[in-house]
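Pasting model_25.tsv here (TSV, C-alpha atoms):
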```
chain	number	residue	atom	x	y	z
A	1	GLU	CA	19.77	2.98	-19.92
A	2	ASN	CA	16.78	0.61	-19.64
A	3	ILE	CA	15.56	2.43	-16.53
A	4	TYR	CA	15.84	5.86	-18.14
A	5	ARG	CA	14.02	4.54	-21.19
A	6	GLU	CA	11.15	3.28	-19.03
A	7	CYS	CA	11.06	6.66	-17.25
A	8	LYS	CA	11.26	8.50	-20.59
A	9	GLN	CA	14.25	10.48	-19.32
A	10	MET	CA	17.81	11.12	-20.50
A	11	GLY	CA	19.11	11.04	-16.92
A	12	PRO	CA	17.98	11.56	-13.32
A	13	LEU	CA	15.86	14.59	-12.37
A	14	ALA	CA	16.54	16.66	-9.26
A	15	PHE	CA	14.39	15.30	-6.40
A	16	SER	CA	13.58	18.74	-4.97
A	17	GLN	CA	12.67	20.24	-8.36
A	18	TRP	CA	10.41	17.31	-9.22
A	19	LEU	CA	8.57	17.73	-5.93
A	20	LEU	CA	8.03	21.43	-6.58
A	21	SER	CA	6.49	20.57	-9.95
A	22	LEU	CA	3.62	18.74	-8.20
A	23	GLU	CA	1.92	22.07	-7.40
A	24	GLY	CA	1.76	21.88	-3.63
A	25	GLY	CA	-1.21	20.49	-1.71
A	26	SER	CA	-1.22	18.19	1.29
A	27	CYS	CA	1.30	15.37	1.71
A	28	ILE	CA	1.04	12.46	4.16
A	29	LYS	CA	2.93	9.21	4.53
A	30	VAL	CA	0.53	6.28	4.13
A	31	GLY	CA	2.75	3.22	4.09
A	32	GLU	CA	6.20	1.70	4.16
A	33	GLY	CA	8.23	-1.40	3.52
A	34	VAL	CA	11.83	-2.51	3.49
A	35	TYR	CA	11.92	-1.11	-0.08
A	36	GLY	CA	11.15	2.48	1.05
A	37	GLU	CA	8.26	4.86	1.70
A	38	VAL	CA	4.77	5.58	0.33
A	39	PHE	CA	3.19	9.06	0.32
A	40	ARG	CA	-0.24	10.34	-0.69
A	41	MET	CA	-0.26	13.84	-2.20
A	42	CYS	CA	-3.16	16.10	-3.15
A	43	SER	CA	-2.54	18.78	-5.76
A	44	GLY	CA	-4.32	22.10	-6.02
A	45	ARG	CA	-6.57	20.65	-8.72
A	46	ASP	CA	-7.98	17.97	-6.38
A	47	LYS	CA	-5.83	15.32	-8.01
A	48	VAL	CA	-4.78	12.64	-5.53
A	49	SER	CA	-1.76	10.46	-6.29
A	50	VAL	CA	0.25	7.95	-4.32
A	51	PHE	CA	4.04	7.88	-4.68
A	52	LYS	CA	6.25	4.92	-3.82
A	53	VAL	CA	9.82	6.16	-3.24
A	54	VAL	CA	12.56	3.52	-3.57
A	55	PRO	CA	16.28	4.31	-3.08
A	56	ILE	CA	18.54	2.50	-5.56
A	57	GLU	CA	22.20	2.04	-6.53
A	58	GLY	CA	23.59	3.40	-3.24
A	59	SER	CA	26.19	1.70	-1.04
A	60	VAL	CA	24.57	2.59	2.31
A	61	LEU	CA	22.14	0.08	3.86
A	62	VAL	CA	18.49	1.14	4.03
A	63	ASN	CA	16.35	-0.47	6.73
A	64	GLU	CA	19.25	-2.90	7.26
A	65	GLU	CA	19.04	-4.10	3.65
A	66	PRO	CA	21.19	-3.38	0.58
A	67	GLN	CA	19.68	-1.00	-1.93
A	68	LYS	CA	18.41	-2.47	-5.19
A	69	SER	CA	20.37	-1.95	-8.35
A	70	PHE	CA	18.92	-0.72	-11.65
A	71	GLU	CA	18.86	-4.33	-12.81
A	72	GLU	CA	17.08	-5.57	-9.69
A	73	ILE	CA	14.26	-3.01	-9.76
A	74	LEU	CA	13.61	-3.35	-13.50
A	75	PRO	CA	11.36	-6.46	-13.13
A	76	GLU	CA	9.04	-4.62	-10.72
A	77	ILE	CA	8.81	-1.71	-13.18
A	78	MET	CA	7.96	-4.02	-16.07
A	79	ILE	CA	5.35	-5.92	-14.04
A	80	CYS	CA	3.73	-2.66	-12.87
A	81	LYS	CA	3.42	-1.50	-16.46
A	82	GLN	CA	2.00	-4.78	-17.73
A	83	LEU	CA	-0.60	-5.07	-14.98
A	84	SER	CA	-1.58	-1.42	-15.30
A	85	SER	CA	-2.17	-1.99	-19.02
A	86	LEU	CA	-4.83	-4.59	-18.15
A	87	HIS	CA	-7.19	-1.71	-17.34
A	88	GLU	CA	-7.71	-1.34	-21.10
A	89	GLY	CA	-6.65	-4.81	-22.27
A	90	GLU	CA	-8.10	-6.02	-25.54
A	91	HIS	CA	-8.02	-9.75	-24.74
A	92	HIS	CA	-7.53	-9.71	-20.96
A	93	GLN	CA	-8.99	-6.91	-18.85
A	94	SER	CA	-9.33	-6.06	-15.15
A	95	GLU	CA	-9.41	-2.80	-13.20
A	96	ASN	CA	-8.27	-4.42	-9.96
A	97	PHE	CA	-4.53	-3.87	-10.38
A	98	ILE	CA	-3.31	-0.49	-9.22
A	99	LYS	CA	-2.87	1.88	-12.16
A	100	LEU	CA	0.62	3.24	-12.78
A	101	ASN	CA	0.35	6.89	-13.81
A	102	GLY	CA	4.01	7.82	-13.92
A	103	LEU	CA	7.58	6.73	-13.30
A	104	ARG	CA	10.59	8.88	-12.47
A	105	CYS	CA	14.28	8.45	-11.69
A	106	LEU	CA	15.33	11.17	-9.23
A	107	GLN	CA	18.55	12.24	-7.55
A	108	GLY	CA	19.20	14.17	-4.36
A	109	SER	CA	18.66	14.19	-0.62
A	110	TYR	CA	15.18	13.63	0.81
A	111	PRO	CA	13.12	16.86	0.54
A	112	ASP	CA	12.03	18.52	3.79
A	113	ARG	CA	8.37	18.19	2.83
A	114	LEU	CA	8.60	14.41	2.69
A	115	LEU	CA	10.68	14.27	5.86
A	116	GLU	CA	7.97	16.21	7.70
A	117	ALA	CA	5.36	13.71	6.50
A	118	TRP	CA	7.65	10.84	7.55
A	119	ASN	CA	8.12	12.28	11.05
A	120	GLU	CA	4.39	12.82	11.52
A	121	PHE	CA	3.74	9.18	10.56
A	122	HIS	CA	6.44	8.04	12.99
A	123	GLU	CA	4.97	10.09	15.84
A	124	ASN	CA	1.52	8.57	15.30
A	125	LYS	CA	2.33	4.98	14.33
A	126	LEU	CA	6.01	4.32	15.10
A	127	SER	CA	7.72	3.53	11.80
A	128	ASP	CA	9.75	0.34	11.43
A	129	ASN	CA	11.99	2.08	8.88
A	130	ASP	CA	15.07	4.24	9.19
A	131	CYS	CA	14.33	7.95	8.93
A	132	PRO	CA	15.40	8.84	5.35
A	133	ASN	CA	17.22	12.01	6.39
A	134	PHE	CA	20.68	10.46	5.81
A	135	PHE	CA	20.61	10.36	2.01
A	136	THR	CA	23.13	12.57	0.25
A	137	ASP	CA	22.79	14.70	-2.89
A	138	SER	CA	24.15	11.83	-5.01
A	139	GLN	CA	21.48	9.32	-3.98
A	140	LEU	CA	19.25	7.91	-6.74
A	141	PHE	CA	15.57	7.00	-6.35
A	142	ILE	CA	12.87	5.37	-8.44
A	143	VAL	CA	9.46	6.94	-7.81
A	144	PHE	CA	6.29	5.14	-8.89
A	145	GLU	CA	3.19	7.34	-9.25
A	146	PHE	CA	-0.01	5.36	-8.71
A	147	GLU	CA	-3.69	6.13	-8.60
A	148	ASP	CA	-5.14	6.39	-5.08
A	149	GLY	CA	-6.45	2.87	-4.49
A	150	GLY	CA	-7.79	3.46	-0.98
A	151	THR	CA	-6.66	1.90	2.28
A	152	SER	CA	-5.25	-1.56	2.94
A	153	LEU	CA	-7.59	-4.43	3.65
A	154	GLU	CA	-5.91	-4.70	7.04
A	155	THR	CA	-6.96	-1.12	7.81
A	156	TYR	CA	-10.31	-1.14	5.97
A	157	GLN	CA	-11.54	-4.18	7.87
A	158	PHE	CA	-13.48	-2.08	10.36
A	159	LYS	CA	-15.37	-0.22	7.59
A	160	PHE	CA	-17.09	-3.14	5.89
A	161	SER	CA	-20.85	-2.74	6.20
A	162	SER	CA	-21.65	-6.37	5.39
A	163	MET	CA	-20.24	-9.78	4.62
A	164	LEU	CA	-21.31	-9.21	1.01
A	165	GLN	CA	-18.63	-6.54	0.70
A	166	MET	CA	-15.97	-8.95	1.95
A	167	VAL	CA	-17.07	-11.55	-0.58
A	168	ALA	CA	-17.01	-8.89	-3.33
A	169	VAL	CA	-13.39	-7.99	-2.50
A	170	LEU	CA	-12.28	-11.64	-2.49
A	171	TYR	CA	-13.99	-12.34	-5.83
A	172	GLN	CA	-12.50	-9.22	-7.42
A	173	VAL	CA	-9.02	-10.32	-6.37
A	174	LEU	CA	-9.68	-13.86	-7.60
A	175	VAL	CA	-10.85	-12.85	-11.08
A	176	ALA	CA	-8.08	-10.24	-11.43
A	177	LEU	CA	-5.46	-12.89	-10.66
A	178	ALA	CA	-7.06	-15.21	-13.22
A	179	VAL	CA	-6.89	-12.45	-15.84
A	180	ALA	CA	-3.21	-11.84	-15.07
A	181	GLU	CA	-2.40	-15.56	-15.11
A	182	GLU	CA	-3.85	-15.84	-18.59
A	183	ALA	CA	-2.25	-12.60	-19.83
A	184	ILE	CA	1.32	-12.84	-18.48
A	185	CYS	CA	1.63	-16.08	-16.46
A	186	PHE	CA	1.51	-13.96	-13.32
A	187	GLU	CA	2.18	-14.88	-9.71
A	188	HIS	CA	1.58	-12.08	-7.26
A	189	SER	CA	4.27	-11.17	-4.76
A	190	SER	CA	1.74	-11.58	-1.96
A	191	ALA	CA	1.68	-15.25	-2.84
A	192	ARG	CA	5.45	-15.11	-2.53
A	193	ASP	CA	5.39	-12.53	0.30
A	194	LEU	CA	2.07	-13.02	2.10
A	195	HIS	CA	0.60	-9.76	3.32
A	196	TRP	CA	-3.06	-8.79	3.38
A	197	GLY	CA	-1.94	-5.17	3.29
A	198	ASN	CA	-1.27	-5.79	-0.41
A	199	VAL	CA	-4.97	-5.42	-1.20
A	200	LEU	CA	-6.36	-1.89	-1.08
A	201	VAL	CA	-10.08	-1.22	-0.68
A	202	LYS	CA	-12.13	1.90	-1.30
A	203	GLN	CA	-15.79	2.75	-1.66
A	204	THR	CA	-17.11	3.04	-5.20
A	205	LYS	CA	-20.27	4.28	-6.86
A	206	LYS	CA	-19.84	1.76	-9.65
A	207	LYS	CA	-22.53	-0.92	-9.52
A	208	LYS	CA	-20.47	-3.44	-11.49
A	209	LEU	CA	-16.91	-4.05	-12.67
A	210	SER	CA	-16.19	-5.47	-16.11
A	211	TYR	CA	-13.66	-8.20	-16.90
A	212	ARG	CA	-12.38	-9.87	-20.05
A	213	LEU	CA	-11.27	-13.49	-19.70
A	214	PHE	CA	-11.48	-16.68	-21.80
A	215	GLY	CA	-12.42	-14.51	-24.78
A	216	GLN	CA	-15.55	-13.30	-23.01
A	217	THR	CA	-16.58	-10.05	-21.31
A	218	PHE	CA	-18.58	-10.26	-18.10
A	219	SER	CA	-19.25	-8.17	-15.01
A	220	MET	CA	-19.58	-8.64	-11.26
A	221	PRO	CA	-21.43	-6.51	-8.69
A	222	THR	CA	-19.22	-4.37	-6.44
A	223	HIS	CA	-21.59	-4.09	-3.47
A	224	GLY	CA	-20.09	-0.62	-3.03
A	225	VAL	CA	-16.39	-1.56	-2.74
A	226	GLN	CA	-13.51	-1.93	-5.18
A	227	ALA	CA	-10.26	-3.79	-4.55
A	228	LYS	CA	-6.85	-2.84	-5.91
A	229	ILE	CA	-3.92	-5.27	-5.85
A	230	ILE	CA	-0.54	-3.64	-5.15
A	231	ASP	CA	3.16	-4.35	-4.51
A	232	TYR	CA	4.83	-6.53	-7.13
A	233	THR	CA	8.27	-6.52	-5.51
A	234	LEU	CA	8.60	-10.32	-5.58
A	235	SER	CA	6.09	-11.07	-8.34
A	236	ARG	CA	6.68	-13.22	-11.40
A	237	MET	CA	5.53	-12.77	-15.00
A	238	GLU	CA	6.32	-13.73	-18.59
A	239	HIS	CA	6.27	-11.18	-21.42
A	240	ASP	CA	7.75	-11.19	-24.90
A	241	GLY	CA	9.55	-14.43	-24.16
A	242	MET	CA	11.21	-13.05	-21.02
A	243	ILE	CA	10.63	-14.19	-17.42
A	244	LYS	CA	10.73	-11.54	-14.68
A	245	PHE	CA	11.06	-12.87	-11.12
A	246	THR	CA	12.92	-12.61	-7.81
A	247	ASN	CA	14.86	-15.66	-6.60
A	248	MET	CA	13.46	-16.31	-3.14
A	249	ALA	CA	15.76	-19.32	-2.73
A	250	LEU	CA	18.42	-16.80	-1.67
A	251	ASP	CA	16.42	-15.90	1.48
A	252	GLU	CA	16.43	-19.03	3.62
A	253	MET	CA	15.15	-17.15	6.69
A	254	LEU	CA	11.83	-16.64	4.92
A	255	PHE	CA	11.10	-20.35	5.27
A	256	GLN	CA	12.03	-20.67	8.94
A	257	GLY	CA	9.14	-18.69	10.47
A	258	GLN	CA	6.67	-20.18	12.92
A	259	GLY	CA	3.37	-19.19	14.53
A	260	ASP	CA	1.28	-18.06	11.56
A	261	TYR	CA	-0.31	-19.82	8.57
A	262	GLN	CA	1.69	-17.63	6.20
A	263	TYR	CA	4.95	-19.39	7.17
A	264	ASP	CA	3.40	-22.76	6.41
A	265	ILE	CA	2.40	-21.43	3.00
A	266	TYR	CA	5.96	-20.29	2.24
A	267	ARG	CA	7.13	-23.86	2.80
A	268	MET	CA	4.23	-25.25	0.76
A	269	MET	CA	5.17	-22.98	-2.13
A	270	ARG	CA	8.79	-24.08	-2.01
A	271	ASN	CA	7.72	-27.73	-2.06
A	272	GLU	CA	5.50	-27.11	-5.09
A	273	ASN	CA	8.12	-25.38	-7.22
A	274	ASN	CA	11.13	-27.34	-5.89
A	275	ASN	CA	12.70	-24.02	-4.91
A	276	ASN	CA	12.82	-22.97	-8.57
A	277	TRP	CA	11.30	-19.47	-8.44
A	278	ALA	CA	11.62	-18.88	-12.17
A	279	ALA	CA	9.16	-21.72	-12.78
A	280	TYR	CA	5.48	-20.86	-13.25
A	281	ALA	CA	3.51	-22.23	-10.28
A	282	PRO	CA	0.10	-20.46	-10.29
A	283	HIS	CA	-1.16	-22.53	-7.37
A	284	THR	CA	0.72	-19.98	-5.22
A	285	ASN	CA	-2.03	-17.50	-6.17
A	286	VAL	CA	-4.60	-19.97	-4.82
A	287	LEU	CA	-2.63	-20.24	-1.58
A	288	TRP	CA	-2.77	-16.46	-1.20
A	289	LEU	CA	-6.52	-16.40	-1.93
A	290	HIS	CA	-7.00	-19.09	0.71
A	291	TYR	CA	-4.99	-16.98	3.14
A	292	LEU	CA	-7.15	-13.93	2.37
A	293	ALA	CA	-10.36	-15.91	2.84
A	294	GLY	CA	-9.14	-17.04	6.24
A	295	LYS	CA	-8.28	-13.48	7.24
A	296	MET	CA	-11.76	-12.33	6.20
A	297	LEU	CA	-13.46	-15.06	8.18
A	298	HIS	CA	-11.44	-14.66	11.35
A	299	GLY	CA	-9.56	-11.35	11.25
A	300	VAL	CA	-11.93	-8.88	9.59
A	301	ASN	CA	-14.81	-7.09	11.23
A	302	CYS	CA	-17.95	-5.66	9.69
A	303	ARG	CA	-20.90	-3.76	11.10
A	304	ARG	CA	-23.42	-6.44	10.14
A	305	ARG	CA	-22.60	-10.13	10.29
A	306	ARG	CA	-26.19	-11.38	9.99
A	307	HIS	CA	-25.75	-12.34	6.32
A	308	VAL	CA	-25.58	-16.15	6.58
A	309	SER	CA	-25.30	-16.83	2.84
A	310	PRO	CA	-22.20	-14.66	2.17
A	311	ARG	CA	-20.43	-16.08	5.21
A	312	SER	CA	-21.23	-19.63	4.12
A	313	ARG	CA	-19.79	-18.80	0.70
A	314	LEU	CA	-16.55	-17.61	2.28
A	315	GLU	CA	-16.40	-20.74	4.43
A	316	ARG	CA	-16.96	-22.99	1.41
A	317	PHE	CA	-14.32	-21.12	-0.55
A	318	ALA	CA	-11.84	-21.64	2.29
A	319	ARG	CA	-12.67	-25.36	2.40
A	320	GLU	CA	-12.52	-26.11	-1.33
A	321	ALA	CA	-10.26	-23.55	-3.06
A	322	LEU	CA	-6.95	-25.33	-2.43
A	323	ALA	CA	-8.02	-28.22	-4.67
A	324	PHE	CA	-7.76	-25.98	-7.75
A	325	PRO	CA	-4.39	-25.57	-9.53
A	326	SER	CA	-4.72	-21.84	-10.28
A	327	ALA	CA	-6.95	-18.80	-9.96
A	328	THR	CA	-7.86	-19.36	-13.61
A	329	GLU	CA	-9.21	-22.83	-12.89
A	330	LEU	CA	-11.05	-21.54	-9.83
A	331	VAL	CA	-12.93	-19.15	-12.09
A	332	ARG	CA	-13.34	-21.65	-14.93
A	333	SER	CA	-14.24	-24.78	-12.98
A	334	GLY	CA	-15.56	-23.54	-9.69
A	335	PRO	CA	-18.76	-21.60	-10.45
A	336	SER	CA	-20.42	-23.09	-7.39
A	337	LEU	CA	-17.78	-21.34	-5.25
A	338	LEU	CA	-18.64	-18.01	-6.90
```

What does the file become when written as structure tokens?
Amino acid sequence: ENIYRECKQMGPLAFSQWLLSLEGGSCIKVGEGVYGEVFRMCSGRDKVSVFKVVPIEGSVLVNEEPQKSFEEILPEIMICKQLSSLHEGEHHQSENFIKLNGLRCLQGSYPDRLLEAWNEFHENKLSDNDCPNFFTDSQLFIVFEFEDGGTSLETYQFKFSSMLQMVAVLYQVLVALAVAEEAICFEHSSARDLHWGNVLVKQTKKKKLSYRLFGQTFSMPTHGVQAKIIDYTLSRMEHDGMIKFTNMALDEMLFQGQGDYQYDIYRMMRNENNNNWAAYAPHTNVLWLHYLAGKMLHGVNCRRRRHVSPRSRLERFAREALAFPSATELVRSGPSLL
């Protein structure tokens, strides 16, 4: 009942009928995860939306994992809604969280149109997921409709025109996390599930982005790019006296990885919160920011690297950020880093 209330439905809608209601246009698969598939669709009115399709409540394994229940997916829904509301927040405001434009609970087998998009993606990029052609007419799905936030930082890395744009993306993510920490005691799932694909980047004509934090409104230059933070599958927040989180203590394999800094960070996070994932430990957001700064310095390319000052700022951020207890304190106490 809670899910249907959040979707503003009395019961599930037919998957095929819902898809027909989107008024045609192009459809391509743009991403995936263990949770399911992500498609970008363009309607006849030049509206572009991104849909995250998540199977739920079924008994069959999907991508070798059990499907989420209504209860298990509800925290992600609530976090999406709260972060989306920060676009127009009265006391805390940021446009850097992906905007949720709609939510649906659907039932039915996977429509042919989406299967065609899935197969095309697989032919070009080799999907890691199971082809979703095995779902039956009784299968339930939650579909998130998001704004089009651009392409992942991992993909966008070759489009940066300058180091200034990289710094702009990092600072936008930093201030957005600070806003969310103050608003809902937020820890992003990327801090709990490190992945630089969880930041989208697109070109923007906006000269500045506005923020509201510490009771003040201020702006930062975009340098032509805008970041959008996505994927709250493992995120944590507090709202109306309730804590929404995923207990990562149940996944011991997550802490056994070797060969990349991200696995060290998983273990650092567990040490900091004593494996209590309900506890608020905002330093995990700083760990993720440090990880992103390292990726930008060593894993991201841009057409012009002659800007010494922006690169030195990134290097200083990477050296000094970990000393701060949260993104909020980085913004409040670390103006020299900004």

Which residue of A:Leu200, A:Leu20, A:Ile79, A:Ala278 approaches Thr233 of chain A most closely, using only C-alpha atoms: A:Ile79

For Leu174 of chain A, find every residue with an atom within 8 Å (counting all atoms listed in the file), except residues of its own chain fewer than 3 positions away, and show them as an mmCIF file with C-alpha atoms, keeping the file's coordinate frame.
```
data_model
loop_
_atom_site.group_PDB
_atom_site.id
_atom_site.type_symbol
_atom_site.label_atom_id
_atom_site.label_comp_id
_atom_site.auth_asym_id
_atom_site.auth_seq_id
_atom_site.Cartn_x
_atom_site.Cartn_y
_atom_site.Cartn_z
ATOM 1 C CA LEU A 170 -12.280 -11.640 -2.490
ATOM 2 C CA TYR A 171 -13.990 -12.340 -5.830
ATOM 3 C CA LEU A 177 -5.460 -12.890 -10.660
ATOM 4 C CA ALA A 178 -7.060 -15.210 -13.220
ATOM 5 C CA LEU A 289 -6.520 -16.400 -1.930
ATOM 6 C CA ALA A 327 -6.950 -18.800 -9.960
ATOM 7 C CA VAL A 331 -12.930 -19.150 -12.090
#
```

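Across the structure, atom CA of Glu1 of chain A and atom CA of Lys68 of chain A are spaced 15.8 Å apart.
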
Residue neighbourhood Met237 of chain A, 12 Å, all atoms listed in the file, exclusion window fewer than 2 positions, as a PyMOL selection string: chain A and resi 75-83+177+180-189+232-235+239-246+277-282

Just want the 6 Å neighbourhood of segment 141-154 of chain A, counted on all atoms listed in the file, with same-chain residues fewer than 6 positions away dropped. Output as a CSV table (one decimal) with C-alpha atoms, in the frame of the given file.
```
chain,number,residue,atom,x,y,z
A,49,SER,CA,-1.8,10.5,-6.3
A,50,VAL,CA,0.2,8.0,-4.3
A,51,PHE,CA,4.0,7.9,-4.7
A,52,LYS,CA,6.2,4.9,-3.8
A,53,VAL,CA,9.8,6.2,-3.2
A,54,VAL,CA,12.6,3.5,-3.6
A,55,PRO,CA,16.3,4.3,-3.1
A,56,ILE,CA,18.5,2.5,-5.6
A,99,LYS,CA,-2.9,1.9,-12.2
A,100,LEU,CA,0.6,3.2,-12.8
A,101,ASN,CA,0.4,6.9,-13.8
A,102,GLY,CA,4.0,7.8,-13.9
A,103,LEU,CA,7.6,6.7,-13.3
A,104,ARG,CA,10.6,8.9,-12.5
A,105,CYS,CA,14.3,8.4,-11.7
A,106,LEU,CA,15.3,11.2,-9.2
A,197,GLY,CA,-1.9,-5.2,3.3
A,199,VAL,CA,-5.0,-5.4,-1.2
A,200,LEU,CA,-6.4,-1.9,-1.1
A,201,VAL,CA,-10.1,-1.2,-0.7
A,202,LYS,CA,-12.1,1.9,-1.3
A,228,LYS,CA,-6.8,-2.8,-5.9
```

Distance criterion (all atoms listed in the file): nearest to Lys125 of chain A out of A:Met248, A:Val179, A:Met166, A:Val30: A:Val30

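Look at Glu272 of chain A: the protein and nucleic acid residues within 10 Å of it, using all atoms listed in the file and passing over chain neighbours fewer than 4 places away, are Arg267, Met268, Asn276, Ala281, His283 and Thr284 of chain A.
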
Could the residues in this selection be saved with C-alpha atoms as a compact mmCIF listing (two decimals), in the frame of the given file?
```txt
# COMPACT_ATOMS: atom_id res chain seq x y z
CA ARG A 267 7.13 -23.86 2.80
CA MET A 268 4.23 -25.25 0.76
CA ASN A 276 12.82 -22.97 -8.57
CA ALA A 281 3.51 -22.23 -10.28
CA HIS A 283 -1.16 -22.53 -7.37
CA THR A 284 0.72 -19.98 -5.22
```

Contacts of Tyr211 of chain A at 6 Å (all atoms listed in the file; same-chain gap of 4+ positions) as a ChimeraX atom specification: /A:93-94,217-219

Generate a file of the selected residues that holds C-alpha atoms, formatted as a CSV table (one decimal), in the frame of the given file.
```csv
chain,number,residue,atom,x,y,z
A,93,GLN,CA,-9.0,-6.9,-18.8
A,94,SER,CA,-9.3,-6.1,-15.2
A,217,THR,CA,-16.6,-10.0,-21.3
A,218,PHE,CA,-18.6,-10.3,-18.1
A,219,SER,CA,-19.2,-8.2,-15.0
```

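Distances from A:Leu213, A:Cys27, A:Val175, A:Val62 to His91 of chain A were compared using all atoms listed in the file, and the smallest one belongs to A:Leu213.
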
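If you look at atom CA of Gly33 of chain A and atom CA of Asn63 of chain A, they are 8.8 Å away from each other.
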
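Between atom CA of Ser16 of chain A and atom CA of Glu116 of chain A the separation is 14.1 Å.
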
Can I get segment 132-153 of chain A with N, CA and C atoms filled in, as a PDB file, keeping the file's coordinate frame?
```
ATOM      1  N   PRO A 132      14.612   8.652   6.581  1.00  0.00           N
ATOM      2  CA  PRO A 132      15.400   8.840   5.350  1.00  0.00           C
ATOM      3  C   PRO A 132      16.117  10.174   5.261  1.00  0.00           C
ATOM      4  N   ASN A 133      16.550  10.713   6.401  1.00  0.00           N
ATOM      5  CA  ASN A 133      17.220  12.010   6.390  1.00  0.00           C
ATOM      6  C   ASN A 133      18.727  11.897   6.158  1.00  0.00           C
ATOM      7  N   PHE A 134      19.227  10.675   5.945  1.00  0.00           N
ATOM      8  CA  PHE A 134      20.680  10.460   5.810  1.00  0.00           C
ATOM      9  C   PHE A 134      21.141  10.416   4.357  1.00  0.00           C
ATOM     10  N   PHE A 135      20.219  10.449   3.411  1.00  0.00           N
ATOM     11  CA  PHE A 135      20.610  10.360   2.010  1.00  0.00           C
ATOM     12  C   PHE A 135      21.338  11.623   1.562  1.00  0.00           C
ATOM     13  N   THR A 136      22.337  11.442   0.727  1.00  0.00           N
ATOM     14  CA  THR A 136      23.130  12.570   0.250  1.00  0.00           C
ATOM     15  C   THR A 136      22.613  13.056  -1.107  1.00  0.00           C
ATOM     16  N   ASP A 137      23.214  14.118  -1.609  1.00  0.00           N
ATOM     17  CA  ASP A 137      22.790  14.700  -2.890  1.00  0.00           C
ATOM     18  C   ASP A 137      23.026  13.761  -4.073  1.00  0.00           C
ATOM     19  N   SER A 138      23.865  12.746  -3.905  1.00  0.00           N
ATOM     20  CA  SER A 138      24.150  11.830  -5.010  1.00  0.00           C
ATOM     21  C   SER A 138      23.215  10.626  -5.061  1.00  0.00           C
ATOM     22  N   GLN A 139      22.342  10.493  -4.056  1.00  0.00           N
ATOM     23  CA  GLN A 139      21.480   9.320  -3.980  1.00  0.00           C
ATOM     24  C   GLN A 139      20.450   9.295  -5.114  1.00  0.00           C
ATOM     25  N   LEU A 140      20.248   8.111  -5.695  1.00  0.00           N
ATOM     26  CA  LEU A 140      19.250   7.910  -6.740  1.00  0.00           C
ATOM     27  C   LEU A 140      18.000   7.255  -6.172  1.00  0.00           C
ATOM     28  N   PHE A 141      16.854   7.574  -6.755  1.00  0.00           N
ATOM     29  CA  PHE A 141      15.570   7.000  -6.350  1.00  0.00           C
ATOM     30  C   PHE A 141      14.754   6.656  -7.595  1.00  0.00           C
ATOM     31  N   ILE A 142      13.949   5.611  -7.494  1.00  0.00           N
ATOM     32  CA  ILE A 142      12.870   5.370  -8.440  1.00  0.00           C
ATOM     33  C   ILE A 142      11.567   5.722  -7.741  1.00  0.00           C
ATOM     34  N   VAL A 143      10.743   6.536  -8.386  1.00  0.00           N
ATOM     35  CA  VAL A 143       9.460   6.940  -7.810  1.00  0.00           C
ATOM     36  C   VAL A 143       8.340   6.463  -8.733  1.00  0.00           C
ATOM     37  N   PHE A 144       7.474   5.609  -8.177  1.00  0.00           N
ATOM     38  CA  PHE A 144       6.290   5.140  -8.890  1.00  0.00           C
ATOM     39  C   PHE A 144       5.120   6.050  -8.521  1.00  0.00           C
ATOM     40  N   GLU A 145       4.403   6.559  -9.510  1.00  0.00           N
ATOM     41  CA  GLU A 145       3.190   7.340  -9.250  1.00  0.00           C
ATOM     42  C   GLU A 145       1.978   6.468  -9.567  1.00  0.00           C
ATOM     43  N   PHE A 146       1.169   6.197  -8.546  1.00  0.00           N
ATOM     44  CA  PHE A 146      -0.010   5.360  -8.710  1.00  0.00           C
ATOM     45  C   PHE A 146      -1.287   6.155  -8.480  1.00  0.00           C
ATOM     46  N   GLU A 147      -2.385   5.619  -8.990  1.00  0.00           N
ATOM     47  CA  GLU A 147      -3.690   6.130  -8.600  1.00  0.00           C
ATOM     48  C   GLU A 147      -3.883   5.892  -7.096  1.00  0.00           C
ATOM     49  N   ASP A 148      -4.819   6.612  -6.493  1.00  0.00           N
ATOM     50  CA  ASP A 148      -5.140   6.390  -5.080  1.00  0.00           C
ATOM     51  C   ASP A 148      -6.117   5.219  -4.999  1.00  0.00           C
ATOM     52  N   GLY A 149      -5.624   4.074  -4.526  1.00  0.00           N
ATOM     53  CA  GLY A 149      -6.450   2.870  -4.490  1.00  0.00           C
ATOM     54  C   GLY A 149      -7.219   2.668  -3.211  1.00  0.00           C
ATOM     55  N   GLY A 150      -7.070   3.593  -2.238  1.00  0.00           N
ATOM     56  CA  GLY A 150      -7.790   3.460  -0.980  1.00  0.00           C
ATOM     57  C   GLY A 150      -6.873   3.054   0.144  1.00  0.00           C
ATOM     58  N   THR A 151      -7.422   2.344   1.118  1.00  0.00           N
ATOM     59  CA  THR A 151      -6.660   1.900   2.280  1.00  0.00           C
ATOM     60  C   THR A 151      -6.515   0.386   2.263  1.00  0.00           C
ATOM     61  N   SER A 152      -5.513  -0.123   2.975  1.00  0.00           N
ATOM     62  CA  SER A 152      -5.250  -1.560   2.940  1.00  0.00           C
ATOM     63  C   SER A 152      -6.396  -2.337   3.559  1.00  0.00           C
ATOM     64  N   LEU A 153      -6.561  -3.558   3.098  1.00  0.00           N
ATOM     65  CA  LEU A 153      -7.590  -4.430   3.650  1.00  0.00           C
ATOM     66  C   LEU A 153      -7.432  -4.565   5.158  1.00  0.00           C
TER      67      LEU A 153
END
```
